[in-house]
Amino acid sequence: MAAVLVATLTLTLSSCGRSPLDVSEVTGPRIVIGVTFDQPGMGLRKGSQYSGFNIEVAEYVARKLGYAKWQIVWEEAPYDQRVSMLANGDVDMVTGMYVDTTMAADDSAMNALGYDFVGPYLDGRQDVMMLAQDADDIHTIGDLAGRHVCVVSGSRTVDDLQQALGASVTLLEQPSATQCTTALMTGMVDAVSAEAAVLAGMVASADTAKVTTLGLDYAQGQYGIGLKTGSDKLSSEVKKALDGMEQDGSLTRAYADTLGRIGYRA
């Protein structure tokens, strides 16, 4: 009986390219989850090991859906490819999807995302990272006018920064926060703008004597899980899992073990 129950639970999601929770189309007991691979504290891969807050959330949700860790297939999900990965069925879900707070309160805006957003499970904000030697010159987001700033392609930061500064700032788009950090360290840009949680991990993994975050918090947002548009049944199950993670204290513990350790405060 136990074996039957486990089999039933683990055959609830699809393999790549099939409809989530459509048992008749399932080809194997696995779940494919999109995450970042290069964000300390959020989603980081070292060899075959994965760590970070979004990884903890993903593993908890997967377990509640009936999947063990060994049944999770991790896929790197760059910001500018996440929506298409969900739409094409390349992944069953993506953790760390970030939406602006004002957008989250607008049903029409959320319906136009191109995916289903489930959450939130973490509050976020946009911040700026600079070389420590230059940070004293920046006190407000407006002080970045005339500067070169690196942003991650496809991230919400691109829109938030352009809304704040318009054409007064020159943006360099890079595929990842790691590459933006390299651009800063090598003098290609004056600053990096990204989600504060992401920057906290970048600072913690870099030489903190050289880089620092400014705490400008010029836009607010929320993190959730992305699913393919129309995944109503799966959305309901994921929402139950996230609620359970908060209620049983697992979300707080995951935060303390990851983002809390690198000094991020939601």
# chains A, B, ... in the order shown; residues from 1 in each chain; ligands from 1
$ select_by_dssp --residues "range 79-176 of chain A" --states "strand (DSSP E)" --output "PyMOL selection string"
chain A and resi 93-100+116-131+148-152+170-174
$ write_last_selection --atoms "N, CA and C atoms" --output "mmCIF file, in the first residue's frame"
data_model
loop_
_atom_site.group_PDB
_atom_site.id
_atom_site.type_symbol
_atom_site.label_atom_id
_atom_site.label_comp_id
_atom_site.auth_asym_id
_atom_site.auth_seq_id
_atom_site.Cartn_x
_atom_site.Cartn_y
_atom_site.Cartn_z
ATOM 1 N N MET A 93 8.827 24.018 -13.163
ATOM 2 C CA MET A 93 8.679 25.238 -12.364
ATOM 3 C C MET A 93 10.019 25.946 -12.275
ATOM 4 N N VAL A 94 9.964 27.229 -11.910
ATOM 5 C CA VAL A 94 11.169 28.015 -11.700
ATOM 6 C C VAL A 94 11.033 28.742 -10.373
ATOM 7 N N THR A 95 12.002 28.575 -9.492
ATOM 8 C CA THR A 95 11.981 29.317 -8.238
ATOM 9 C C THR A 95 12.732 30.634 -8.420
ATOM 10 N N GLY A 96 12.442 31.585 -7.525
ATOM 11 C CA GLY A 96 13.123 32.871 -7.587
ATOM 12 C C GLY A 96 12.569 33.804 -8.637
ATOM 13 N N MET A 97 11.340 33.598 -9.065
ATOM 14 C CA MET A 97 10.710 34.538 -9.989
ATOM 15 C C MET A 97 10.392 35.820 -9.212
ATOM 16 N N TYR A 98 10.755 36.952 -9.795
ATOM 17 C CA TYR A 98 10.670 38.225 -9.066
ATOM 18 C C TYR A 98 9.740 39.182 -9.798
ATOM 19 N N VAL A 99 8.758 39.723 -9.067
ATOM 20 C CA VAL A 99 7.848 40.701 -9.651
ATOM 21 C C VAL A 99 7.830 41.961 -8.790
ATOM 22 N N ASP A 100 7.602 43.095 -9.428
ATOM 23 C CA ASP A 100 7.502 44.363 -8.734
ATOM 24 C C ASP A 100 6.257 44.368 -7.847
ATOM 25 N N ASP A 116 2.422 31.655 -14.715
ATOM 26 C CA ASP A 116 1.658 31.750 -13.471
ATOM 27 C C ASP A 116 2.619 31.967 -12.306
ATOM 28 N N PHE A 117 2.358 32.989 -11.511
ATOM 29 C CA PHE A 117 3.190 33.322 -10.360
ATOM 30 C C PHE A 117 2.509 32.807 -9.099
ATOM 31 N N VAL A 118 3.222 31.986 -8.328
ATOM 32 C CA VAL A 118 2.677 31.435 -7.083
ATOM 33 C C VAL A 118 3.539 31.922 -5.925
ATOM 34 N N GLY A 119 2.923 32.556 -4.967
ATOM 35 C CA GLY A 119 3.652 33.116 -3.837
ATOM 36 C C GLY A 119 2.930 34.351 -3.334
ATOM 37 N N PRO A 120 3.673 35.269 -2.703
ATOM 38 C CA PRO A 120 5.140 35.268 -2.587
ATOM 39 C C PRO A 120 5.632 34.445 -1.398
ATOM 40 N N TYR A 121 6.927 34.131 -1.422
ATOM 41 C CA TYR A 121 7.540 33.479 -0.269
ATOM 42 C C TYR A 121 8.690 34.303 0.313
ATOM 43 N N LEU A 122 9.004 35.447 -0.312
ATOM 44 C CA LEU A 122 10.066 36.319 0.204
ATOM 45 C C LEU A 122 9.891 37.718 -0.363
ATOM 46 N N ASP A 123 10.029 38.719 0.498
ATOM 47 C CA ASP A 123 10.026 40.109 0.037
ATOM 48 C C ASP A 123 11.403 40.462 -0.509
ATOM 49 N N GLY A 124 11.433 41.290 -1.537
ATOM 50 C CA GLY A 124 12.698 41.697 -2.138
ATOM 51 C C GLY A 124 12.728 43.184 -2.425
ATOM 52 N N ARG A 125 13.828 43.649 -2.951
ATOM 53 C CA ARG A 125 13.996 45.053 -3.313
ATOM 54 C C ARG A 125 15.191 45.171 -4.236
ATOM 55 N N GLN A 126 15.269 46.291 -4.925
ATOM 56 C CA GLN A 126 16.386 46.545 -5.819
ATOM 57 C C GLN A 126 17.435 47.404 -5.102
ATOM 58 N N ASP A 127 18.705 47.041 -5.268
ATOM 59 C CA ASP A 127 19.781 47.771 -4.618
ATOM 60 C C ASP A 127 20.925 47.972 -5.614
ATOM 61 N N VAL A 128 21.987 48.583 -5.147
ATOM 62 C CA VAL A 128 23.145 48.894 -5.977
ATOM 63 C C VAL A 128 24.417 48.450 -5.264
ATOM 64 N N MET A 129 25.342 47.884 -6.010
ATOM 65 C CA MET A 129 26.648 47.492 -5.489
ATOM 66 C C MET A 129 27.723 48.298 -6.214
ATOM 67 N N MET A 130 28.712 48.759 -5.468
ATOM 68 C CA MET A 130 29.814 49.529 -6.041
ATOM 69 C C MET A 130 31.129 49.119 -5.398
ATOM 70 N N LEU A 131 32.212 49.562 -5.999
ATOM 71 C CA LEU A 131 33.502 49.429 -5.335
ATOM 72 C C LEU A 131 33.455 50.282 -4.079
ATOM 73 N N HIS A 148 27.759 54.376 -15.682
ATOM 74 C CA HIS A 148 27.555 53.108 -16.379
ATOM 75 C C HIS A 148 27.216 52.039 -15.333
ATOM 76 N N VAL A 149 26.082 51.391 -15.519
ATOM 77 C CA VAL A 149 25.591 50.424 -14.532
ATOM 78 C C VAL A 149 25.313 49.085 -15.210
ATOM 79 N N CYS A 150 25.791 48.012 -14.615
ATOM 80 C CA CYS A 150 25.539 46.671 -15.137
ATOM 81 C C CYS A 150 24.258 46.103 -14.535
ATOM 82 N N VAL A 151 23.437 45.492 -15.374
ATOM 83 C CA VAL A 151 22.206 44.826 -14.940
ATOM 84 C C VAL A 151 22.141 43.459 -15.615
ATOM 85 N N VAL A 152 21.387 42.551 -15.040
ATOM 86 C CA VAL A 152 21.241 41.211 -15.602
ATOM 87 C C VAL A 152 20.150 41.225 -16.667
ATOM 88 N N THR A 170 23.620 54.767 -18.334
ATOM 89 C CA THR A 170 23.985 53.860 -19.418
ATOM 90 C C THR A 170 24.032 52.433 -18.869
ATOM 91 N N LEU A 171 23.211 51.558 -19.444
ATOM 92 C CA LEU A 171 23.118 50.187 -18.941
ATOM 93 C C LEU A 171 23.981 49.235 -19.764
ATOM 94 N N LEU A 172 24.693 48.370 -19.069
ATOM 95 C CA LEU A 172 25.403 47.255 -19.686
ATOM 96 C C LEU A 172 24.700 45.993 -19.222
ATOM 97 N N GLU A 173 24.076 45.270 -20.147
ATOM 98 C CA GLU A 173 23.367 44.052 -19.787
ATOM 99 C C GLU A 173 24.289 42.845 -19.926
ATOM 100 N N GLN A 174 24.284 42.019 -18.883
ATOM 101 C CA GLN A 174 25.079 40.793 -18.867
ATOM 102 C C GLN A 174 24.174 39.616 -18.507
#
$ residues_around --residues "range 57-62 of chain A" --least-positions-apart "4" --cutoff "8 Å" --atoms "only C-alpha atoms" --output "number ranges by chain"
A: 31, 33, 53, 66-69, 72, 95, 238, 241-242, 245, 251, 254
$ write_last_selection --atoms "all heavy atoms" --output "JSON list (two decimals), in the first residue's frame"
[["chain", "number", "residue", "atom", "x", "y", "z"],
["A", 31, "ILE", "N", 10.87, 15.64, -11.44],
["A", 31, "ILE", "CA", 10.40, 17.00, -11.55],
["A", 31, "ILE", "C", 11.59, 17.87, -11.97],
["A", 31, "ILE", "O", 12.68, 17.74, -11.42],
["A", 31, "ILE", "CB", 9.78, 17.51, -10.22],
["A", 31, "ILE", "CG1", 9.30, 18.96, -10.37],
["A", 31, "ILE", "CG2", 10.75, 17.38, -9.06],
["A", 31, "ILE", "CD1", 8.49, 19.44, -9.17],
["A", 33, "ILE", "N", 13.24, 21.47, -12.25],
["A", 33, "ILE", "CA", 13.11, 22.78, -11.61],
["A", 33, "ILE", "C", 14.20, 23.72, -12.10],
["A", 33, "ILE", "O", 15.39, 23.39, -12.06],
["A", 33, "ILE", "CB", 13.18, 22.65, -10.08],
["A", 33, "ILE", "CG1", 12.12, 21.66, -9.57],
["A", 33, "ILE", "CG2", 13.00, 24.02, -9.42],
["A", 33, "ILE", "CD1", 12.15, 21.45, -8.07],
["A", 53, "PHE", "N", 18.66, 29.74, -0.73],
["A", 53, "PHE", "CA", 17.28, 29.85, -0.26],
["A", 53, "PHE", "C", 16.30, 29.29, -1.29],
["A", 53, "PHE", "O", 15.38, 28.54, -0.94],
["A", 53, "PHE", "CB", 16.96, 31.31, 0.05],
["A", 53, "PHE", "CG", 15.59, 31.51, 0.65],
["A", 53, "PHE", "CD1", 15.30, 31.04, 1.92],
["A", 53, "PHE", "CD2", 14.60, 32.19, -0.05],
["A", 53, "PHE", "CE1", 14.04, 31.23, 2.48],
["A", 53, "PHE", "CE2", 13.35, 32.38, 0.49],
["A", 53, "PHE", "CZ", 13.07, 31.90, 1.77],
["A", 66, "GLY", "N", 5.52, 15.06, -3.61],
["A", 66, "GLY", "CA", 5.78, 13.63, -3.67],
["A", 66, "GLY", "C", 7.12, 13.23, -4.24],
["A", 66, "GLY", "O", 7.32, 12.05, -4.57],
["A", 67, "TYR", "N", 8.07, 14.18, -4.33],
["A", 67, "TYR", "CA", 9.37, 13.90, -4.94],
["A", 67, "TYR", "C", 10.50, 13.95, -3.92],
["A", 67, "TYR", "O", 10.59, 14.87, -3.12],
["A", 67, "TYR", "CB", 9.67, 14.90, -6.07],
["A", 67, "TYR", "CG", 8.75, 14.74, -7.25],
["A", 67, "TYR", "CD1", 7.50, 15.35, -7.25],
["A", 67, "TYR", "CD2", 9.12, 13.97, -8.35],
["A", 67, "TYR", "CE1", 6.64, 15.19, -8.33],
["A", 67, "TYR", "CE2", 8.27, 13.81, -9.42],
["A", 67, "TYR", "CZ", 7.02, 14.42, -9.41],
["A", 67, "TYR", "OH", 6.17, 14.25, -10.46],
["A", 68, "ALA", "N", 11.38, 12.97, -3.99],
["A", 68, "ALA", "CA", 12.59, 12.97, -3.18],
["A", 68, "ALA", "C", 13.64, 13.83, -3.89],
["A", 68, "ALA", "O", 13.51, 14.17, -5.06],
["A", 68, "ALA", "CB", 13.10, 11.55, -3.00],
["A", 69, "LYS", "N", 14.73, 14.15, -3.17],
["A", 69, "LYS", "CA", 15.78, 14.98, -3.76],
["A", 69, "LYS", "C", 16.34, 14.36, -5.03],
["A", 69, "LYS", "O", 16.64, 15.06, -6.00],
["A", 69, "LYS", "CB", 16.91, 15.20, -2.74],
["A", 69, "LYS", "CG", 16.60, 16.21, -1.66],
["A", 69, "LYS", "CD", 17.83, 16.45, -0.80],
["A", 69, "LYS", "CE", 17.54, 17.48, 0.29],
["A", 69, "LYS", "NZ", 18.75, 17.76, 1.10],
["A", 72, "ILE", "N", 14.72, 15.20, -8.37],
["A", 72, "ILE", "CA", 14.75, 16.56, -8.88],
["A", 72, "ILE", "C", 15.83, 16.69, -9.95],
["A", 72, "ILE", "O", 16.98, 16.31, -9.73],
["A", 72, "ILE", "CB", 15.03, 17.58, -7.76],
["A", 72, "ILE", "CG1", 13.92, 17.54, -6.70],
["A", 72, "ILE", "CG2", 15.17, 18.99, -8.33],
["A", 72, "ILE", "CD1", 14.20, 18.41, -5.49],
["A", 95, "THR", "N", 12.00, 28.58, -9.49],
["A", 95, "THR", "CA", 11.98, 29.32, -8.24],
["A", 95, "THR", "C", 12.73, 30.63, -8.42],
["A", 95, "THR", "O", 13.53, 30.80, -9.33],
["A", 95, "THR", "CB", 12.63, 28.53, -7.10],
["A", 95, "THR", "OG1", 13.98, 28.21, -7.46],
["A", 95, "THR", "CG2", 11.88, 27.25, -6.80],
["A", 238, "VAL", "N", 1.19, 23.84, -5.25],
["A", 238, "VAL", "CA", 2.40, 24.58, -4.89],
["A", 238, "VAL", "C", 2.08, 25.62, -3.81],
["A", 238, "VAL", "O", 2.86, 25.82, -2.87],
["A", 238, "VAL", "CB", 3.02, 25.26, -6.13],
["A", 238, "VAL", "CG1", 4.15, 26.20, -5.72],
["A", 238, "VAL", "CG2", 3.54, 24.20, -7.10],
["A", 241, "ALA", "N", 1.92, 23.97, -0.55],
["A", 241, "ALA", "CA", 3.27, 23.64, -0.07],
["A", 241, "ALA", "C", 3.95, 24.87, 0.52],
["A", 241, "ALA", "O", 4.58, 24.79, 1.59],
["A", 241, "ALA", "CB", 4.09, 23.05, -1.21],
["A", 242, "LEU", "N", 3.85, 26.00, -0.15],
["A", 242, "LEU", "CA", 4.47, 27.23, 0.36],
["A", 242, "LEU", "C", 3.83, 27.67, 1.67],
["A", 242, "LEU", "O", 4.53, 28.11, 2.60],
["A", 242, "LEU", "CB", 4.35, 28.35, -0.68],
["A", 242, "LEU", "CG", 5.20, 28.20, -1.95],
["A", 242, "LEU", "CD1", 4.91, 29.35, -2.90],
["A", 242, "LEU", "CD2", 6.68, 28.14, -1.61],
["A", 245, "MET", "N", 5.17, 25.44, 4.32],
["A", 245, "MET", "CA", 6.57, 25.76, 4.64],
["A", 245, "MET", "C", 6.65, 26.92, 5.61],
["A", 245, "MET", "O", 7.51, 26.95, 6.50],
["A", 245, "MET", "CB", 7.33, 26.07, 3.35],
["A", 245, "MET", "CG", 8.84, 26.17, 3.55],
["A", 245, "MET", "SD", 9.71, 26.37, 1.99],
["A", 245, "MET", "CE", 11.42, 26.18, 2.59],
["A", 251, "LEU", "N", 10.34, 27.63, 6.38],
["A", 251, "LEU", "CA", 10.74, 28.80, 5.60],
["A", 251, "LEU", "C", 11.69, 29.68, 6.41],
["A", 251, "LEU", "O", 12.71, 30.15, 5.89],
["A", 251, "LEU", "CB", 9.51, 29.60, 5.18],
["A", 251, "LEU", "CG", 9.74, 30.70, 4.14],
["A", 251, "LEU", "CD1", 10.14, 30.08, 2.80],
["A", 251, "LEU", "CD2", 8.47, 31.54, 3.96],
["A", 254, "ALA", "N", 15.05, 27.89, 6.64],
["A", 254, "ALA", "CA", 15.76, 27.96, 5.36],
["A", 254, "ALA", "C", 16.38, 29.34, 5.16],
["A", 254, "ALA", "O", 17.52, 29.45, 4.70],
["A", 254, "ALA", "CB", 14.81, 27.63, 4.21]]
$ select_by_dssp --residues "range 133-199 of chain A" --states "alpha helix (DSSP H)" --output "ChimeraX atom specification"
/A:156-165,177-185,196-199
$ residues_around --residues "Ala206 in chain A" --least-positions-apart "4" --cutoff "12 Å" --atoms "only C-alpha atoms" --output "PDB file with all heavy atoms, in the first residue's frame"
ATOM      1  N   GLN A  39      24.357  32.249  -7.815  1.00  0.00           N
ATOM      2  CA  GLN A  39      23.974  33.266  -6.843  1.00  0.00           C
ATOM      3  C   GLN A  39      24.113  32.731  -5.411  1.00  0.00           C
ATOM      4  O   GLN A  39      23.210  32.064  -4.909  1.00  0.00           O
ATOM      5  CB  GLN A  39      22.538  33.744  -7.091  1.00  0.00           C
ATOM      6  CG  GLN A  39      22.355  34.465  -8.405  1.00  0.00           C
ATOM      7  CD  GLN A  39      20.921  34.906  -8.636  1.00  0.00           C
ATOM      8  OE1 GLN A  39      20.025  34.665  -7.835  1.00  0.00           O
ATOM      9  NE2 GLN A  39      20.681  35.571  -9.754  1.00  0.00           N
ATOM     10  N   PRO A  40      25.237  33.004  -4.750  1.00  0.00           N
ATOM     11  CA  PRO A  40      25.406  32.558  -3.361  1.00  0.00           C
ATOM     12  C   PRO A  40      24.266  33.059  -2.484  1.00  0.00           C
ATOM     13  O   PRO A  40      23.868  34.220  -2.567  1.00  0.00           O
ATOM     14  CB  PRO A  40      26.737  33.204  -2.957  1.00  0.00           C
ATOM     15  CG  PRO A  40      27.467  33.415  -4.247  1.00  0.00           C
ATOM     16  CD  PRO A  40      26.405  33.751  -5.251  1.00  0.00           C
ATOM     17  N   MET A 129      25.342  47.884  -6.010  1.00  0.00           N
ATOM     18  CA  MET A 129      26.648  47.492  -5.489  1.00  0.00           C
ATOM     19  C   MET A 129      27.723  48.298  -6.214  1.00  0.00           C
ATOM     20  O   MET A 129      27.652  48.488  -7.432  1.00  0.00           O
ATOM     21  CB  MET A 129      26.872  45.992  -5.714  1.00  0.00           C
ATOM     22  CG  MET A 129      28.236  45.477  -5.265  1.00  0.00           C
ATOM     23  SD  MET A 129      28.375  43.653  -5.399  1.00  0.00           S
ATOM     24  CE  MET A 129      28.388  43.443  -7.188  1.00  0.00           C
ATOM     25  N   MET A 130      28.712  48.759  -5.468  1.00  0.00           N
ATOM     26  CA  MET A 130      29.814  49.529  -6.041  1.00  0.00           C
ATOM     27  C   MET A 130      31.129  49.119  -5.398  1.00  0.00           C
ATOM     28  O   MET A 130      31.141  48.417  -4.376  1.00  0.00           O
ATOM     29  CB  MET A 130      29.601  51.033  -5.828  1.00  0.00           C
ATOM     30  CG  MET A 130      28.407  51.623  -6.540  1.00  0.00           C
ATOM     31  SD  MET A 130      28.332  53.431  -6.377  1.00  0.00           S
ATOM     32  CE  MET A 130      29.752  53.919  -7.393  1.00  0.00           C
ATOM     33  N   LEU A 131      32.212  49.562  -5.999  1.00  0.00           N
ATOM     34  CA  LEU A 131      33.502  49.429  -5.335  1.00  0.00           C
ATOM     35  C   LEU A 131      33.455  50.282  -4.079  1.00  0.00           C
ATOM     36  O   LEU A 131      32.952  51.408  -4.092  1.00  0.00           O
ATOM     37  CB  LEU A 131      34.627  49.892  -6.248  1.00  0.00           C
ATOM     38  CG  LEU A 131      34.861  49.084  -7.528  1.00  0.00           C
ATOM     39  CD1 LEU A 131      35.968  49.724  -8.353  1.00  0.00           C
ATOM     40  CD2 LEU A 131      35.213  47.634  -7.201  1.00  0.00           C
ATOM     41  N   ALA A 132      33.971  49.762  -2.986  1.00  0.00           N
ATOM     42  CA  ALA A 132      33.917  50.467  -1.712  1.00  0.00           C
ATOM     43  C   ALA A 132      34.559  51.847  -1.797  1.00  0.00           C
ATOM     44  O   ALA A 132      34.090  52.807  -1.173  1.00  0.00           O
ATOM     45  CB  ALA A 132      34.593  49.632  -0.622  1.00  0.00           C
ATOM     46  N   THR A 178      27.052  37.300 -11.682  1.00  0.00           N
ATOM     47  CA  THR A 178      28.486  37.041 -11.591  1.00  0.00           C
ATOM     48  C   THR A 178      29.246  37.838 -12.640  1.00  0.00           C
ATOM     49  O   THR A 178      30.299  38.432 -12.363  1.00  0.00           O
ATOM     50  CB  THR A 178      28.775  35.543 -11.758  1.00  0.00           C
ATOM     51  OG1 THR A 178      28.148  34.821 -10.694  1.00  0.00           O
ATOM     52  CG2 THR A 178      30.270  35.271 -11.733  1.00  0.00           C
ATOM     53  N   THR A 181      29.353  41.423 -11.700  1.00  0.00           N
ATOM     54  CA  THR A 181      30.354  41.660 -10.658  1.00  0.00           C
ATOM     55  C   THR A 181      31.745  41.737 -11.268  1.00  0.00           C
ATOM     56  O   THR A 181      32.560  42.596 -10.890  1.00  0.00           O
ATOM     57  CB  THR A 181      30.301  40.534  -9.609  1.00  0.00           C
ATOM     58  OG1 THR A 181      28.994  40.477  -9.031  1.00  0.00           O
ATOM     59  CG2 THR A 181      31.322  40.777  -8.498  1.00  0.00           C
ATOM     60  N   THR A 182      32.025  40.884 -12.228  1.00  0.00           N
ATOM     61  CA  THR A 182      33.312  40.929 -12.931  1.00  0.00           C
ATOM     62  C   THR A 182      33.472  42.252 -13.663  1.00  0.00           C
ATOM     63  O   THR A 182      34.561  42.858 -13.654  1.00  0.00           O
ATOM     64  CB  THR A 182      33.420  39.766 -13.925  1.00  0.00           C
ATOM     65  OG1 THR A 182      33.335  38.527 -13.221  1.00  0.00           O
ATOM     66  CG2 THR A 182      34.733  39.823 -14.688  1.00  0.00           C
ATOM     67  N   LEU A 184      32.221  45.081 -12.836  1.00  0.00           N
ATOM     68  CA  LEU A 184      32.501  46.105 -11.825  1.00  0.00           C
ATOM     69  C   LEU A 184      33.953  46.033 -11.369  1.00  0.00           C
ATOM     70  O   LEU A 184      34.648  47.055 -11.295  1.00  0.00           O
ATOM     71  CB  LEU A 184      31.562  45.925 -10.633  1.00  0.00           C
ATOM     72  CG  LEU A 184      31.800  46.854  -9.436  1.00  0.00           C
ATOM     73  CD1 LEU A 184      31.545  48.308  -9.820  1.00  0.00           C
ATOM     74  CD2 LEU A 184      30.912  46.447  -8.254  1.00  0.00           C
ATOM     75  N   MET A 185      34.425  44.842 -11.073  1.00  0.00           N
ATOM     76  CA  MET A 185      35.778  44.670 -10.549  1.00  0.00           C
ATOM     77  C   MET A 185      36.844  45.041 -11.573  1.00  0.00           C
ATOM     78  O   MET A 185      37.959  45.434 -11.210  1.00  0.00           O
ATOM     79  CB  MET A 185      35.975  43.223 -10.096  1.00  0.00           C
ATOM     80  CG  MET A 185      35.025  42.776  -8.991  1.00  0.00           C
ATOM     81  SD  MET A 185      35.300  43.599  -7.410  1.00  0.00           S
ATOM     82  CE  MET A 185      36.768  42.750  -6.851  1.00  0.00           C
ATOM     83  N   LEU A 199      22.671  40.676  -4.616  1.00  0.00           N
ATOM     84  CA  LEU A 199      23.877  41.460  -4.355  1.00  0.00           C
ATOM     85  C   LEU A 199      24.514  41.086  -3.018  1.00  0.00           C
ATOM     86  O   LEU A 199      25.737  41.095  -2.883  1.00  0.00           O
ATOM     87  CB  LEU A 199      23.551  42.953  -4.372  1.00  0.00           C
ATOM     88  CG  LEU A 199      23.148  43.531  -5.733  1.00  0.00           C
ATOM     89  CD1 LEU A 199      22.899  45.033  -5.616  1.00  0.00           C
ATOM     90  CD2 LEU A 199      24.208  43.250  -6.791  1.00  0.00           C
ATOM     91  N   ALA A 200      23.679  40.752  -2.028  1.00  0.00           N
ATOM     92  CA  ALA A 200      24.221  40.328  -0.736  1.00  0.00           C
ATOM     93  C   ALA A 200      25.106  39.107  -0.906  1.00  0.00           C
ATOM     94  O   ALA A 200      26.175  38.990  -0.293  1.00  0.00           O
ATOM     95  CB  ALA A 200      23.087  40.029   0.245  1.00  0.00           C
ATOM     96  N   GLY A 201      24.682  38.180  -1.769  1.00  0.00           N
ATOM     97  CA  GLY A 201      25.483  36.996  -2.035  1.00  0.00           C
ATOM     98  C   GLY A 201      26.755  37.317  -2.795  1.00  0.00           C
ATOM     99  O   GLY A 201      27.808  36.735  -2.540  1.00  0.00           O
ATOM    100  N   MET A 202      26.660  38.278  -3.715  1.00  0.00           N
ATOM    101  CA  MET A 202      27.845  38.681  -4.480  1.00  0.00           C
ATOM    102  C   MET A 202      28.893  39.308  -3.560  1.00  0.00           C
ATOM    103  O   MET A 202      30.088  39.015  -3.662  1.00  0.00           O
ATOM    104  CB  MET A 202      27.457  39.677  -5.570  1.00  0.00           C
ATOM    105  CG  MET A 202      26.575  39.133  -6.676  1.00  0.00           C
ATOM    106  SD  MET A 202      27.350  37.824  -7.685  1.00  0.00           S
ATOM    107  CE  MET A 202      26.518  36.374  -7.047  1.00  0.00           C
ATOM    108  N   LYS A 210      36.522  45.364  -0.988  1.00  0.00           N
ATOM    109  CA  LYS A 210      36.528  46.036  -2.288  1.00  0.00           C
ATOM    110  C   LYS A 210      35.144  46.440  -2.774  1.00  0.00           C
ATOM    111  O   LYS A 210      34.998  47.424  -3.497  1.00  0.00           O
ATOM    112  CB  LYS A 210      37.191  45.142  -3.330  1.00  0.00           C
ATOM    113  CG  LYS A 210      38.686  44.942  -3.114  1.00  0.00           C
ATOM    114  CD  LYS A 210      39.292  44.133  -4.248  1.00  0.00           C
ATOM    115  CE  LYS A 210      40.799  43.981  -4.073  1.00  0.00           C
ATOM    116  NZ  LYS A 210      41.410  43.203  -5.182  1.00  0.00           N
ATOM    117  N   VAL A 211      34.110  45.658  -2.444  1.00  0.00           N
ATOM    118  CA  VAL A 211      32.763  45.965  -2.921  1.00  0.00           C
ATOM    119  C   VAL A 211      31.799  46.075  -1.747  1.00  0.00           C
ATOM    120  O   VAL A 211      32.004  45.468  -0.690  1.00  0.00           O
ATOM    121  CB  VAL A 211      32.259  44.889  -3.901  1.00  0.00           C
ATOM    122  CG1 VAL A 211      33.108  44.879  -5.163  1.00  0.00           C
ATOM    123  CG2 VAL A 211      32.238  43.515  -3.244  1.00  0.00           C
ATOM    124  N   THR A 212      30.719  46.831  -1.963  1.00  0.00           N
ATOM    125  CA  THR A 212      29.723  47.009  -0.918  1.00  0.00           C
ATOM    126  C   THR A 212      28.373  47.337  -1.542  1.00  0.00           C
ATOM    127  O   THR A 212      28.311  47.861  -2.663  1.00  0.00           O
ATOM    128  CB  THR A 212      30.124  48.142   0.046  1.00  0.00           C
ATOM    129  OG1 THR A 212      29.189  48.213   1.128  1.00  0.00           O
ATOM    130  CG2 THR A 212      30.160  49.492  -0.672  1.00  0.00           C
ATOM    131  N   THR A 213      27.309  47.010  -0.835  1.00  0.00           N
ATOM    132  CA  THR A 213      25.976  47.422  -1.280  1.00  0.00           C
ATOM    133  C   THR A 213      25.654  48.753  -0.624  1.00  0.00           C
ATOM    134  O   THR A 213      26.135  49.063   0.468  1.00  0.00           O
ATOM    135  CB  THR A 213      24.917  46.377  -0.901  1.00  0.00           C
ATOM    136  OG1 THR A 213      25.031  46.040   0.481  1.00  0.00           O
ATOM    137  CG2 THR A 213      25.090  45.118  -1.738  1.00  0.00           C
ATOM    138  N   ILE A 262      24.424  35.331   5.173  1.00  0.00           N
ATOM    139  CA  ILE A 262      25.209  36.296   4.413  1.00  0.00           C
ATOM    140  C   ILE A 262      24.771  37.730   4.709  1.00  0.00           C
ATOM    141  O   ILE A 262      25.211  38.676   4.028  1.00  0.00           O
ATOM    142  CB  ILE A 262      25.141  36.019   2.895  1.00  0.00           C
ATOM    143  CG1 ILE A 262      23.699  36.135   2.381  1.00  0.00           C
ATOM    144  CG2 ILE A 262      25.723  34.656   2.585  1.00  0.00           C
ATOM    145  CD1 ILE A 262      23.597  35.994   0.869  1.00  0.00           C
TER     146      ILE A 262
END
$ closest_residue --among "A:Ala164, A:Lys239, A:Glu56, A:Thr36" --to "Leu227 in chain A" --atoms "only C-alpha atoms"
A:Lys239
